[in-house]
Structures are given as structure tokens and as C-alpha cells.
Amino acid sequence: MMKAKTAFKSIFLKTAATFLTFYFIAAIVFTAIYYKAKVDENNAKFDNMESVLQERISRDVLDNEYERLSDGRKGYWEDDTNSLNKDINYLTSLNSEISYFTSAFSKEMFSKADLYDENFNVIAKSRNMLVITEDESEKSKTDHCNVNRYIDLDKYLSEDQQIEVFKVYNQKSKSKEYFIKVQGYANGNEIIPEVLEIYESTLDGPVNPDEGIERGEKIKTYNFNVEGVDGLRKINIADNFDPNWEIHYNSDTYSSNNNNYLYKKIFRRYNNFKKYKEEEIRSIMDENGYIYARNNINKAFGKINYDYINTLNINDHKYYINLQADYYPWEDVLPKAIPLYIVSFSIVIAVVIILSKGLYKTYEKQVVLEKNRRELTSAIAHELKTPLGIIRTYGEGLKEKIAEDKRDYYLDVIIDETYKMDKIVLEMLDLSKMEAKAYELRKEEFCINSLVEVILKKNEKLFNDRSLHINYLTDKEYYINADYALIERVINNLLSNAIYHTEENKEINITLKNQIFNIENEGEHIPKDKINLIWDIFYRGDNSRVRSQRRTGIGLAIVKNIFQLHNIEFGVENTNLGVKFWFKLL
């Protein structure tokens, strides 16, 4: 038992080592290929991002320019305060679009953009902002009935407070409606907040902000110290709570985990982006004030930084767009690859176990075959040693002319022993052919009842000599399609085996009933741990080799192979009387 466990352990470890080595090599190669593919994919995404962002900015600026010219207004680059105030919606929209675009364009990249005018003032940038819509239809005769302003959350809320707001916003996915109430001051396209309140609606279905706040539950309040608001109009607005985050609010990784550490890591990464100063922009401009699409990509292990800056010439005015992004390939690759690694590792382990068991079974078979080979060699040597010894002895006697009066007897013994040796060799050759499936069956239809009767008739003298009682019963005639000679051999061998193991004055019962042939002898049972071994070549239950019976030990092995050649179901079992061999008729 210990040897078997050691053998299985050795096979398992060697198989596991082979497969796991291949698995880890394959995993490393796959990871390297996948890593490169994701990096290339994000390089393309960043190129697309810069192209689309520049296109959108140019479109928005041009649209506003045409509208301004049609109204006879000045451009904000001329530092006209009144013009700037009239472009509140435009500037708010520009900031909002840049913020949304850089955060939503790619879930895998942390992106930030700044838009400078020709005086190097930041007129729009990606930021965490809360857009507020004010209805001015009753206060203004202009065409702008609704004015959009925003609260710069980065300016008025701490990092922890922004995380709180972020968590509330993420709860919208749970079918909750949230509204905000803002008291503060309008400062161009921005709002300087004094009080910011967040409400959770208790009503089912969509409702307007005023009703949602009136019937809702206040869950957050933020108070701010305001300064420098003299001359600014005070406002009190209710609106839907719909912040525009530059952080990845739509990322599966972060929005599904209200974990402060994850949020802080996001903020920290966005804070790593630098802001270009005027002298830095001037240092990379040509003499005409242009920057020609400079794109720097800095690669480090686990991080790729993109830094793009370019000049946008719109209506003879220069704008400078700076787009930065950080991509962390391992955070993109591993969450998607690890489930595949786990599944494939489980498959490898399962294959290793199954293959190890298969190899162990093969090993056991080889051990058994080797054992059988040694036993077969020993058995053949034993079986042939005695007749060869007899032949040699009697041959030498004839040569030396000992007992000339017994010459004929000596020759008869030599011939008899030679016949027996020939029988052993022929049976082994037949068995070898059968085991190799090289034996050609000659099938024909015949009555097995008649065959049994013929065989019993031939053995009558033997039955009588040993005082054996043969009981033969059948319920009808059975015809089978099989090799007559081989089936005859089967019945002869089974009968010979029954006779050999039955003492004098005992019974042998032979029946042909219900499509089953049975031959049962009265005698000792076969031990349970040996019952499956009786079909092995040269196996004898008592390990004796009594030459008086002249049994070769091959008979039952031949029977088994004949059954297998015919696909006949067969077996052996202990009974109350003794031992019964059986097989089903075809």
C-alpha cells in the first residue's frame, strides 16, 4: 500500500511539474501579449481622444463665435466682462464637456485637459463640477431663459467631502432620486456656494426638483464661508443632483466599491498631473506662437504617461490644448486575466489529476504485466522442465541401452511428454493470438444443446471413474451464432475445471436456461480476493502443479479471451453448493 502511494505521488508530482511549467510559461507569454495589446489599444484611444476633444472644442468655440458676431458682442479674449457674463452657458458647457469627455472616454485612463486662450489664461478645464440650471425667463428679456452655471467642487469641497458626495451619487444606480438646493452668489459662469444641501426623494417615479426637495429627506448639508461677494447677485436654486466628475464615476472598479482608499487613490492620481505655466508654454512655441502637436509618452513599469499639447487656430485666435493621461496597464490586465488564470489553473490541476490517475493505472498494469511475465516465464519453465527432464532421462537410457526390454515403453513416455509439451506451446500460441485480437473467428449457427450433449457423452468414462454425479437440465433448444470450435473449447475447459475441483461422489450441475449457460461444481469456495485472478494465465487456486492431472494452467485464460472475442458476458461466483461459472448466450 505504501509503495502504491509513493508511486502515485511520484507520478502526480512529475505530471504536475510538467503541466505547471507549461502553464506558467503559457501564462507569462499570454500576459506579455495581452499587456502589449492593451497598451497599444490605449495608445490608439489616447490618439482618438485628443483628436475628438480638439474637434469638439473647435466646434463649440466656432458656434459661440458665430452667435457672438450675430449679436454684435465682443470676444472674451478682449477681456470684456459684460461679454464674459453673456457667455455663461457657453463657458459652462465647455467646462462640462471637457470634464465629462476626459472621464468617460476611457475607463482605463486617468485623463485631464486644460484649454488656454492666447493670453495663457485657463478658460476651460476638466474638473469635478456640479452644473446648476437657473430659470431666468421671468428675470431676463434675453433669449437665454435657462442659464447654466457650475460649482467647482475641487475649489469648495475637501477631498473627503467630495468622496462623500461621490458615494451619494453612486447610489443613484439603486433607483433613488437625489436633488440639491444651492444658496450662494452668481459670479459669471460660476457659483460661489454659501449652503449646499442634498435631498433624497421619498416619492416614486420622476418628480421635479422643488417637489423632490419639499417631499424628500435631507441627507447632506455643506456650509461655506464666502468672501468677496459684494455686488454679486444672491441665488437660491433647486436642481437635480447630477455632478460632472473628472474621476471615473462610470468605472466598474470604483463605482461598485464605496471604499475610501480607492477614492483617495483616484484623487491622488489626478493630483499628480501638472499644470503648464505661461513660461513653459512659451518655451515650446515657435516664433509665430504655434505649438505643433507635441505628444510625449513616458513608459515606466506599470504606468504609462501621455502628455499632449497643441495649438488650435480658431477664427484667427490661438488656443492651446493640453491633454494628459495616466494609464496603469496592470490594473487593466490583471482583473481581466486573473479569472482566466484561475479557470485555466483549475483545468490544469483537473487534467493533472485525471492524467496522473490514468498514468498510475497504466503503471499498475505494467507492474501486473511485468509480474505476470515473470510468473509466466517461471510457469513455462516449470511446465517444460519436467517433461524435458523425463525426455532427457529416458533418451539417455535408450542411448546407453539400459533396460532394452523396456525400449518401447521409454519411447512411449518420450512421445507422450513431447505431445504434452506441444499442447502447452500450441495453447500459448492460441492465447497469444487471442490477446492480440489476431484470431479470426469462423462463425456459424449451431445448437449449443447438442454440443453440450456431445461433450458430456465423450466424458462419461471420466465421470464414472471418479464417481461424479452430472445433472444436466435445459428448458429448450438454443441456437447461437459463434465459432463452433472455440465454444466447444470453452465448454470443455469449464467442464475440465469443474471435474478437477470436484471430489469423488460429488455433483456437477449443468443448466441451459433463460439464455444462460451455467456449470456448477460441488466443492470449496474461491477466496474473494482471488476470484478475479482465476482468469489469469497459469493461476491455480492451490498453487500446486500436480502432474498427474497434466493441467497447463492456460485453460481459463483461453476461455476468457474466447468470450471477449465474441463479446459474450461471463463470470464466476461462489454458491451454496460450491463454485459456478456462467456465460450468456449470443
# chains A, B, ... in the order shown; residues from 1 in each chain; ligands from 1

call {"tool": "residues_around", "arguments": {"residues": "range 523-532 of chain A", "least_positions_apart": "6", "cutoff": "10 Å", "atoms": "only C-alpha atoms", "output": "PDB file with C-alpha atoms, in the first residue's frame"}}
result
ATOM      1  CA  ALA A 498     -15.179 -28.405 -12.687  1.00  0.00           C
ATOM      2  CA  HIS A 501     -12.109 -29.244  -8.406  1.00  0.00           C
ATOM      3  CA  THR A 502     -14.807 -31.796  -7.582  1.00  0.00           C
ATOM      4  CA  GLU A 503     -14.099 -34.702  -5.257  1.00  0.00           C
ATOM      5  CA  LYS A 506     -19.861 -35.101  -5.594  1.00  0.00           C
ATOM      6  CA  GLU A 507     -22.133 -33.257  -8.021  1.00  0.00           C
ATOM      7  CA  ILE A 508     -21.683 -31.137 -11.120  1.00  0.00           C
ATOM      8  CA  TYR A 539      -3.121 -19.261 -11.995  1.00  0.00           C
ATOM      9  CA  ARG A 540      -4.095 -22.086  -9.690  1.00  0.00           C
ATOM     10  CA  GLY A 541      -6.032 -21.518  -6.523  1.00  0.00           C
ATOM     11  CA  ASP A 542      -3.976 -24.032  -4.534  1.00  0.00           C
ATOM     12  CA  GLY A 571     -18.486 -14.527 -14.834  1.00  0.00           C
ATOM     13  CA  VAL A 572     -17.778 -16.727 -11.844  1.00  0.00           C
ATOM     14  CA  GLU A 573     -19.285 -16.720  -8.347  1.00  0.00           C
ATOM     15  CA  ASN A 574     -19.410 -18.726  -5.166  1.00  0.00           C
ATOM     16  CA  THR A 575     -22.683 -20.516  -4.442  1.00  0.00           C
ATOM     17  CA  ASN A 576     -24.136 -22.529  -1.593  1.00  0.00           C
ATOM     18  CA  LEU A 577     -23.038 -25.722  -3.378  1.00  0.00           C
ATOM     19  CA  GLY A 578     -19.592 -24.579  -4.429  1.00  0.00           C
ATOM     20  CA  VAL A 579     -18.459 -22.530  -7.473  1.00  0.00           C
ATOM     21  CA  LYS A 580     -20.466 -21.595 -10.571  1.00  0.00           C
TER      22      LYS A 580
END

call {"tool": "select_by_dssp", "arguments": {"residues": "range 326-475 of chain A", "states": "alpha helix (DSSP H)", "output": "VMD selection string"}}
result
chain A and resid 329 to 399 407 to 435 448 to 458 460 to 465

call {"tool": "atom_distance", "arguments": {"atom1": "CA of Asn240 in chain A", "atom2": "CA of Thr221 in chain A"}}
result
15.6 Å

call {"tool": "closest_residue", "arguments": {"among": "A:Leu565, A:Ile534, A:Leu262, A:Ile558", "to": "Arg442 in chain A", "atoms": "only C-alpha atoms"}}
result
A:Leu565

call {"tool": "atom_distance", "arguments": {"atom1": "CA of Leu94 in chain A", "atom2": "CA of Lys220 in chain A"}}
result
28.5 Å

call {"tool": "residues_around", "arguments": {"residues": "Glu217 in chain A", "least_positions_apart": "6", "cutoff": "12 Å", "atoms": "only C-alpha atoms", "output": "list of chain:residue names"}}
result
A:Lys176, A:Glu177, A:Tyr178, A:Phe179, A:Ile180, A:Glu197, A:Ile198, A:Tyr199, A:Glu200, A:Ser201, A:Thr202, A:Leu203, A:Glu211

call {"tool": "write_last_selection", "arguments": {"atoms": "N, CA, C and O atoms", "output": "mmCIF file, in the first residue's frame"}}
result
data_model
loop_
_atom_site.group_PDB
_atom_site.id
_atom_site.type_symbol
_atom_site.label_atom_id
_atom_site.label_comp_id
_atom_site.auth_asym_id
_atom_site.auth_seq_id
_atom_site.Cartn_x
_atom_site.Cartn_y
_atom_site.Cartn_z
ATOM 1 N N LYS A 176 -32.765 55.404 -6.742
ATOM 2 C CA LYS A 176 -33.090 56.528 -5.855
ATOM 3 C C LYS A 176 -32.913 57.834 -6.626
ATOM 4 O O LYS A 176 -32.041 57.948 -7.473
ATOM 5 N N GLU A 177 -33.760 58.806 -6.327
ATOM 6 C CA GLU A 177 -33.642 60.134 -6.931
ATOM 7 C C GLU A 177 -33.081 61.099 -5.892
ATOM 8 O O GLU A 177 -33.519 61.111 -4.743
ATOM 9 N N TYR A 178 -32.100 61.912 -6.316
ATOM 10 C CA TYR A 178 -31.488 62.879 -5.415
ATOM 11 C C TYR A 178 -31.571 64.272 -6.033
ATOM 12 O O TYR A 178 -31.481 64.429 -7.264
ATOM 13 N N PHE A 179 -31.730 65.284 -5.148
ATOM 14 C CA PHE A 179 -31.834 66.674 -5.592
ATOM 15 C C PHE A 179 -30.930 67.535 -4.724
ATOM 16 O O PHE A 179 -30.537 67.138 -3.618
ATOM 17 N N ILE A 180 -30.591 68.710 -5.253
ATOM 18 C CA ILE A 180 -29.747 69.640 -4.495
ATOM 19 C C ILE A 180 -30.438 70.992 -4.382
ATOM 20 O O ILE A 180 -31.237 71.388 -5.234
ATOM 21 N N GLU A 197 -27.169 71.699 -0.053
ATOM 22 C CA GLU A 197 -27.923 70.630 0.596
ATOM 23 C C GLU A 197 -28.283 69.555 -0.428
ATOM 24 O O GLU A 197 -28.625 69.870 -1.577
ATOM 25 N N ILE A 198 -28.194 68.309 0.007
ATOM 26 C CA ILE A 198 -28.550 67.176 -0.854
ATOM 27 C C ILE A 198 -29.750 66.468 -0.238
ATOM 28 O O ILE A 198 -29.756 66.154 0.954
ATOM 29 N N TYR A 199 -30.783 66.198 -1.067
ATOM 30 C CA TYR A 199 -32.016 65.562 -0.619
ATOM 31 C C TYR A 199 -32.227 64.236 -1.339
ATOM 32 O O TYR A 199 -31.915 64.111 -2.521
ATOM 33 N N GLU A 200 -32.775 63.308 -0.584
ATOM 34 C CA GLU A 200 -33.179 62.031 -1.168
ATOM 35 C C GLU A 200 -34.690 62.009 -1.281
ATOM 36 O O GLU A 200 -35.402 62.194 -0.298
ATOM 37 N N SER A 201 -35.194 61.801 -2.498
ATOM 38 C CA SER A 201 -36.635 61.826 -2.714
ATOM 39 C C SER A 201 -37.289 60.604 -2.081
ATOM 40 O O SER A 201 -36.767 59.500 -2.147
ATOM 41 N N THR A 202 -38.456 60.822 -1.492
ATOM 42 C CA THR A 202 -39.228 59.712 -0.921
ATOM 43 C C THR A 202 -40.411 59.352 -1.809
ATOM 44 O O THR A 202 -41.231 58.515 -1.443
ATOM 45 N N LEU A 203 -40.491 60.009 -2.970
ATOM 46 C CA LEU A 203 -41.600 59.769 -3.893
ATOM 47 C C LEU A 203 -41.180 58.754 -4.954
ATOM 48 O O LEU A 203 -40.016 58.694 -5.359
ATOM 49 N N GLU A 211 -40.479 69.738 -5.949
ATOM 50 C CA GLU A 211 -41.330 68.752 -5.287
ATOM 51 C C GLU A 211 -40.486 67.694 -4.591
ATOM 52 O O GLU A 211 -40.806 67.249 -3.488
#

call {"tool": "residues_around", "arguments": {"residues": "Tyr328 in chain A", "least_positions_apart": "2", "cutoff": "7 Å", "atoms": "only C-alpha atoms", "output": "count of residues only"}}
result
7

call {"tool": "residues_around", "arguments": {"residues": "Asn481 in chain A", "least_positions_apart": "6", "cutoff": "10 Å", "atoms": "only C-alpha atoms", "output": "list in words"}}
result
Arg442, Lys443, Glu444, Glu445, Phe446, Cys447, Ile448, His566, Leu585 and Leu586 of chain A

call {"tool": "write_last_selection", "arguments": {"atoms": "N, CA and C atoms", "output": "PDB file, in the first residue's frame"}}
result
ATOM      1  N   ARG A 442     -14.520 -18.036 -36.986  1.00  0.00           N
ATOM      2  CA  ARG A 442     -15.278 -18.687 -38.063  1.00  0.00           C
ATOM      3  C   ARG A 442     -16.686 -18.960 -37.534  1.00  0.00           C
ATOM      4  N   LYS A 443     -17.537 -17.961 -37.646  1.00  0.00           N
ATOM      5  CA  LYS A 443     -18.858 -18.056 -37.031  1.00  0.00           C
ATOM      6  C   LYS A 443     -19.819 -18.880 -37.885  1.00  0.00           C
ATOM      7  N   GLU A 444     -20.671 -19.596 -37.170  1.00  0.00           N
ATOM      8  CA  GLU A 444     -21.739 -20.359 -37.811  1.00  0.00           C
ATOM      9  C   GLU A 444     -22.861 -20.529 -36.791  1.00  0.00           C
ATOM     10  N   GLU A 445     -24.022 -20.851 -37.275  1.00  0.00           N
ATOM     11  CA  GLU A 445     -25.158 -21.062 -36.367  1.00  0.00           C
ATOM     12  C   GLU A 445     -25.271 -22.555 -36.039  1.00  0.00           C
ATOM     13  N   PHE A 446     -25.362 -22.841 -34.733  1.00  0.00           N
ATOM     14  CA  PHE A 446     -25.466 -24.242 -34.313  1.00  0.00           C
ATOM     15  C   PHE A 446     -26.234 -24.309 -32.995  1.00  0.00           C
ATOM     16  N   CYS A 447     -26.663 -25.516 -32.676  1.00  0.00           N
ATOM     17  CA  CYS A 447     -27.423 -25.752 -31.449  1.00  0.00           C
ATOM     18  C   CYS A 447     -26.451 -26.083 -30.327  1.00  0.00           C
ATOM     19  N   ILE A 448     -26.414 -25.217 -29.326  1.00  0.00           N
ATOM     20  CA  ILE A 448     -25.467 -25.416 -28.227  1.00  0.00           C
ATOM     21  C   ILE A 448     -25.881 -26.585 -27.346  1.00  0.00           C
ATOM     22  N   HIS A 566     -15.894 -12.898 -28.706  1.00  0.00           N
ATOM     23  CA  HIS A 566     -17.298 -12.986 -29.104  1.00  0.00           C
ATOM     24  C   HIS A 566     -18.175 -11.900 -28.456  1.00  0.00           C
ATOM     25  N   LEU A 585     -25.769 -16.525 -23.580  1.00  0.00           N
ATOM     26  CA  LEU A 585     -25.774 -16.959 -24.966  1.00  0.00           C
ATOM     27  C   LEU A 585     -25.971 -15.781 -25.899  1.00  0.00           C
ATOM     28  N   LEU A 586     -25.369 -15.814 -27.055  1.00  0.00           N
ATOM     29  CA  LEU A 586     -25.498 -14.737 -28.043  1.00  0.00           C
ATOM     30  C   LEU A 586     -26.901 -14.700 -28.636  1.00  0.00           C
TER      31      LEU A 586
END

call {"tool": "residues_around", "arguments": {"residues": "Tyr185 in chain A", "least_positions_apart": "5", "cutoff": "6 Å", "atoms": "only C-alpha atoms", "output": "number ranges by chain"}}
result
A: 191-192, 232-235

call {"tool": "residues_around", "arguments": {"residues": "range 110-119 of chain A", "least_positions_apart": "2", "cutoff": "7 Å", "atoms": "only C-alpha atoms", "output": "JSON, numbers by chain"}}
result
{"A": [98, 102, 103, 108, 121, 122, 123, 124, 125, 126, 270, 317, 318, 319, 320, 321, 322, 323, 324, 325, 326, 327]}

call {"tool": "closest_atom_pairs", "arguments": {"of": "range 415-466 of chain A", "to": "range 392-397 of chain A", "cutoff": "12 Å", "atoms": "only C-alpha atoms", "output": "JSON lines"}}
result
{"residue": "A:Ile415", "atom": "CA", "partner": "A:Tyr394", "partner_atom": "CA", "distance": 10.7}
{"residue": "A:Asp416", "atom": "CA", "partner": "A:Tyr394", "partner_atom": "CA", "distance": 11.9}
{"residue": "A:Glu417", "atom": "CA", "partner": "A:Arg392", "partner_atom": "CA", "distance": 10.6}
{"residue": "A:Thr418", "atom": "CA", "partner": "A:Arg392", "partner_atom": "CA", "distance": 11.2}

call {"tool": "atom_distance", "arguments": {"atom1": "CA of Ala300 in chain A", "atom2": "CA of Pro335 in chain A"}}
result
19.9 Å

call {"tool": "decode", "arguments": {"residues": "range 305-317 of chain A", "atoms": "all heavy atoms", "output": "tab-separated table (two decimals), in the first residue's frame"}}
result
chain	number	residue	atom	x	y	z
A	305	ASN	N	2.51	57.37	-19.08
A	305	ASN	CA	2.03	58.77	-19.01
A	305	ASN	C	2.01	59.37	-20.41
A	305	ASN	O	2.99	59.31	-21.14
A	305	ASN	CB	2.94	59.60	-18.09
A	305	ASN	CG	2.60	61.07	-18.14
A	305	ASN	OD1	3.32	61.86	-18.75
A	305	ASN	ND2	1.49	61.46	-17.54
A	306	TYR	N	0.86	59.95	-20.76
A	306	TYR	CA	0.70	60.65	-22.04
A	306	TYR	C	0.60	62.15	-21.75
A	306	TYR	O	-0.14	62.57	-20.86
A	306	TYR	CB	-0.58	60.21	-22.76
A	306	TYR	CG	-0.69	58.73	-22.99
A	306	TYR	CD1	-1.29	57.88	-22.05
A	306	TYR	CD2	-0.22	58.15	-24.17
A	306	TYR	CE1	-1.41	56.52	-22.27
A	306	TYR	CE2	-0.34	56.78	-24.39
A	306	TYR	CZ	-0.94	55.98	-23.44
A	306	TYR	OH	-1.05	54.63	-23.66
A	307	ASP	N	1.33	62.94	-22.52
A	307	ASP	CA	1.31	64.41	-22.35
A	307	ASP	C	1.26	65.04	-23.74
A	307	ASP	O	2.27	65.06	-24.46
A	307	ASP	CB	2.54	64.86	-21.57
A	307	ASP	CG	2.47	66.34	-21.18
A	307	ASP	OD1	1.49	67.00	-21.58
A	307	ASP	OD2	3.38	66.80	-20.49
A	308	TYR	N	0.09	65.54	-24.09
A	308	TYR	CA	-0.13	66.10	-25.43
A	308	TYR	C	-0.44	67.59	-25.31
A	308	TYR	O	-1.27	68.00	-24.48
A	308	TYR	CB	-1.28	65.36	-26.11
A	308	TYR	CG	-1.70	65.95	-27.44
A	308	TYR	CD1	-1.01	65.64	-28.60
A	308	TYR	CD2	-2.80	66.81	-27.51
A	308	TYR	CE1	-1.41	66.16	-29.82
A	308	TYR	CE2	-3.19	67.33	-28.73
A	308	TYR	CZ	-2.50	67.02	-29.89
A	308	TYR	OH	-2.88	67.54	-31.09
A	309	ILE	N	0.20	68.40	-26.14
A	309	ILE	CA	-0.10	69.83	-26.18
A	309	ILE	C	-0.06	70.28	-27.63
A	309	ILE	O	0.80	69.84	-28.41
A	309	ILE	CB	0.88	70.64	-25.30
A	309	ILE	CG1	0.44	72.10	-25.21
A	309	ILE	CG2	2.32	70.51	-25.77
A	309	ILE	CD1	1.15	72.88	-24.12
A	310	ASN	N	-1.02	71.13	-27.98
A	310	ASN	CA	-1.13	71.54	-29.38
A	310	ASN	C	-1.81	72.91	-29.45
A	310	ASN	O	-2.48	73.35	-28.51
A	310	ASN	CB	-1.96	70.52	-30.15
A	310	ASN	CG	-1.91	70.74	-31.65
A	310	ASN	OD1	-0.94	71.30	-32.17
A	310	ASN	ND2	-2.95	70.31	-32.35
A	311	THR	N	-1.63	73.58	-30.59
A	311	THR	CA	-2.27	74.88	-30.85
A	311	THR	C	-3.52	74.67	-31.69
A	311	THR	O	-3.48	73.95	-32.69
A	311	THR	CB	-1.32	75.82	-31.60
A	311	THR	OG1	-0.12	75.98	-30.84
A	311	THR	CG2	-1.96	77.18	-31.83
A	312	LEU	N	-4.62	75.32	-31.27
A	312	LEU	CA	-5.85	75.33	-32.06
A	312	LEU	C	-6.04	76.74	-32.61
A	312	LEU	O	-6.15	77.70	-31.82
A	312	LEU	CB	-7.05	74.93	-31.20
A	312	LEU	CG	-7.00	73.56	-30.52
A	312	LEU	CD1	-8.26	73.33	-29.70
A	312	LEU	CD2	-6.83	72.46	-31.53
A	313	ASN	N	-6.06	76.89	-33.90
A	313	ASN	CA	-6.26	78.20	-34.52
A	313	ASN	C	-7.71	78.29	-34.96
A	313	ASN	O	-8.13	77.67	-35.94
A	313	ASN	CB	-5.32	78.35	-35.72
A	313	ASN	CG	-5.26	79.79	-36.20
A	313	ASN	OD1	-6.06	80.64	-35.79
A	313	ASN	ND2	-4.31	80.07	-37.07
A	314	ILE	N	-8.50	79.07	-34.21
A	314	ILE	CA	-9.94	79.16	-34.47
A	314	ILE	C	-10.29	80.63	-34.67
A	314	ILE	O	-10.10	81.47	-33.76
A	314	ILE	CB	-10.77	78.59	-33.30
A	314	ILE	CG1	-10.31	77.16	-32.98
A	314	ILE	CG2	-12.25	78.60	-33.63
A	314	ILE	CD1	-10.93	76.58	-31.74
A	315	ASN	N	-10.79	80.96	-35.89
A	315	ASN	CA	-11.17	82.34	-36.19
A	315	ASN	C	-10.04	83.32	-35.94
A	315	ASN	O	-10.23	84.38	-35.32
A	315	ASN	CB	-12.41	82.75	-35.38
A	315	ASN	CG	-13.65	82.83	-36.24
A	315	ASN	OD1	-13.64	82.41	-37.39
A	315	ASN	ND2	-14.72	83.36	-35.69
A	316	ASP	N	-8.85	82.94	-36.36
A	316	ASP	CA	-7.66	83.78	-36.22
A	316	ASP	C	-7.27	84.03	-34.77
A	316	ASP	O	-6.57	85.01	-34.47
A	316	ASP	CB	-7.84	85.13	-36.94
A	316	ASP	CG	-7.99	84.95	-38.45
A	316	ASP	OD1	-7.37	84.00	-38.97
A	316	ASP	OD2	-8.73	85.73	-39.06
A	317	HIS	N	-7.73	83.20	-33.87
A	317	HIS	CA	-7.33	83.29	-32.47
A	317	HIS	C	-6.69	81.97	-32.08
A	317	HIS	O	-7.13	80.90	-32.50
A	317	HIS	CB	-8.52	83.60	-31.55
A	317	HIS	CG	-9.07	84.97	-31.74
A	317	HIS	ND1	-8.49	86.11	-31.24
A	317	HIS	CD2	-10.18	85.39	-32.42
A	317	HIS	CE1	-9.19	87.17	-31.56
A	317	HIS	NE2	-10.24	86.77	-32.30
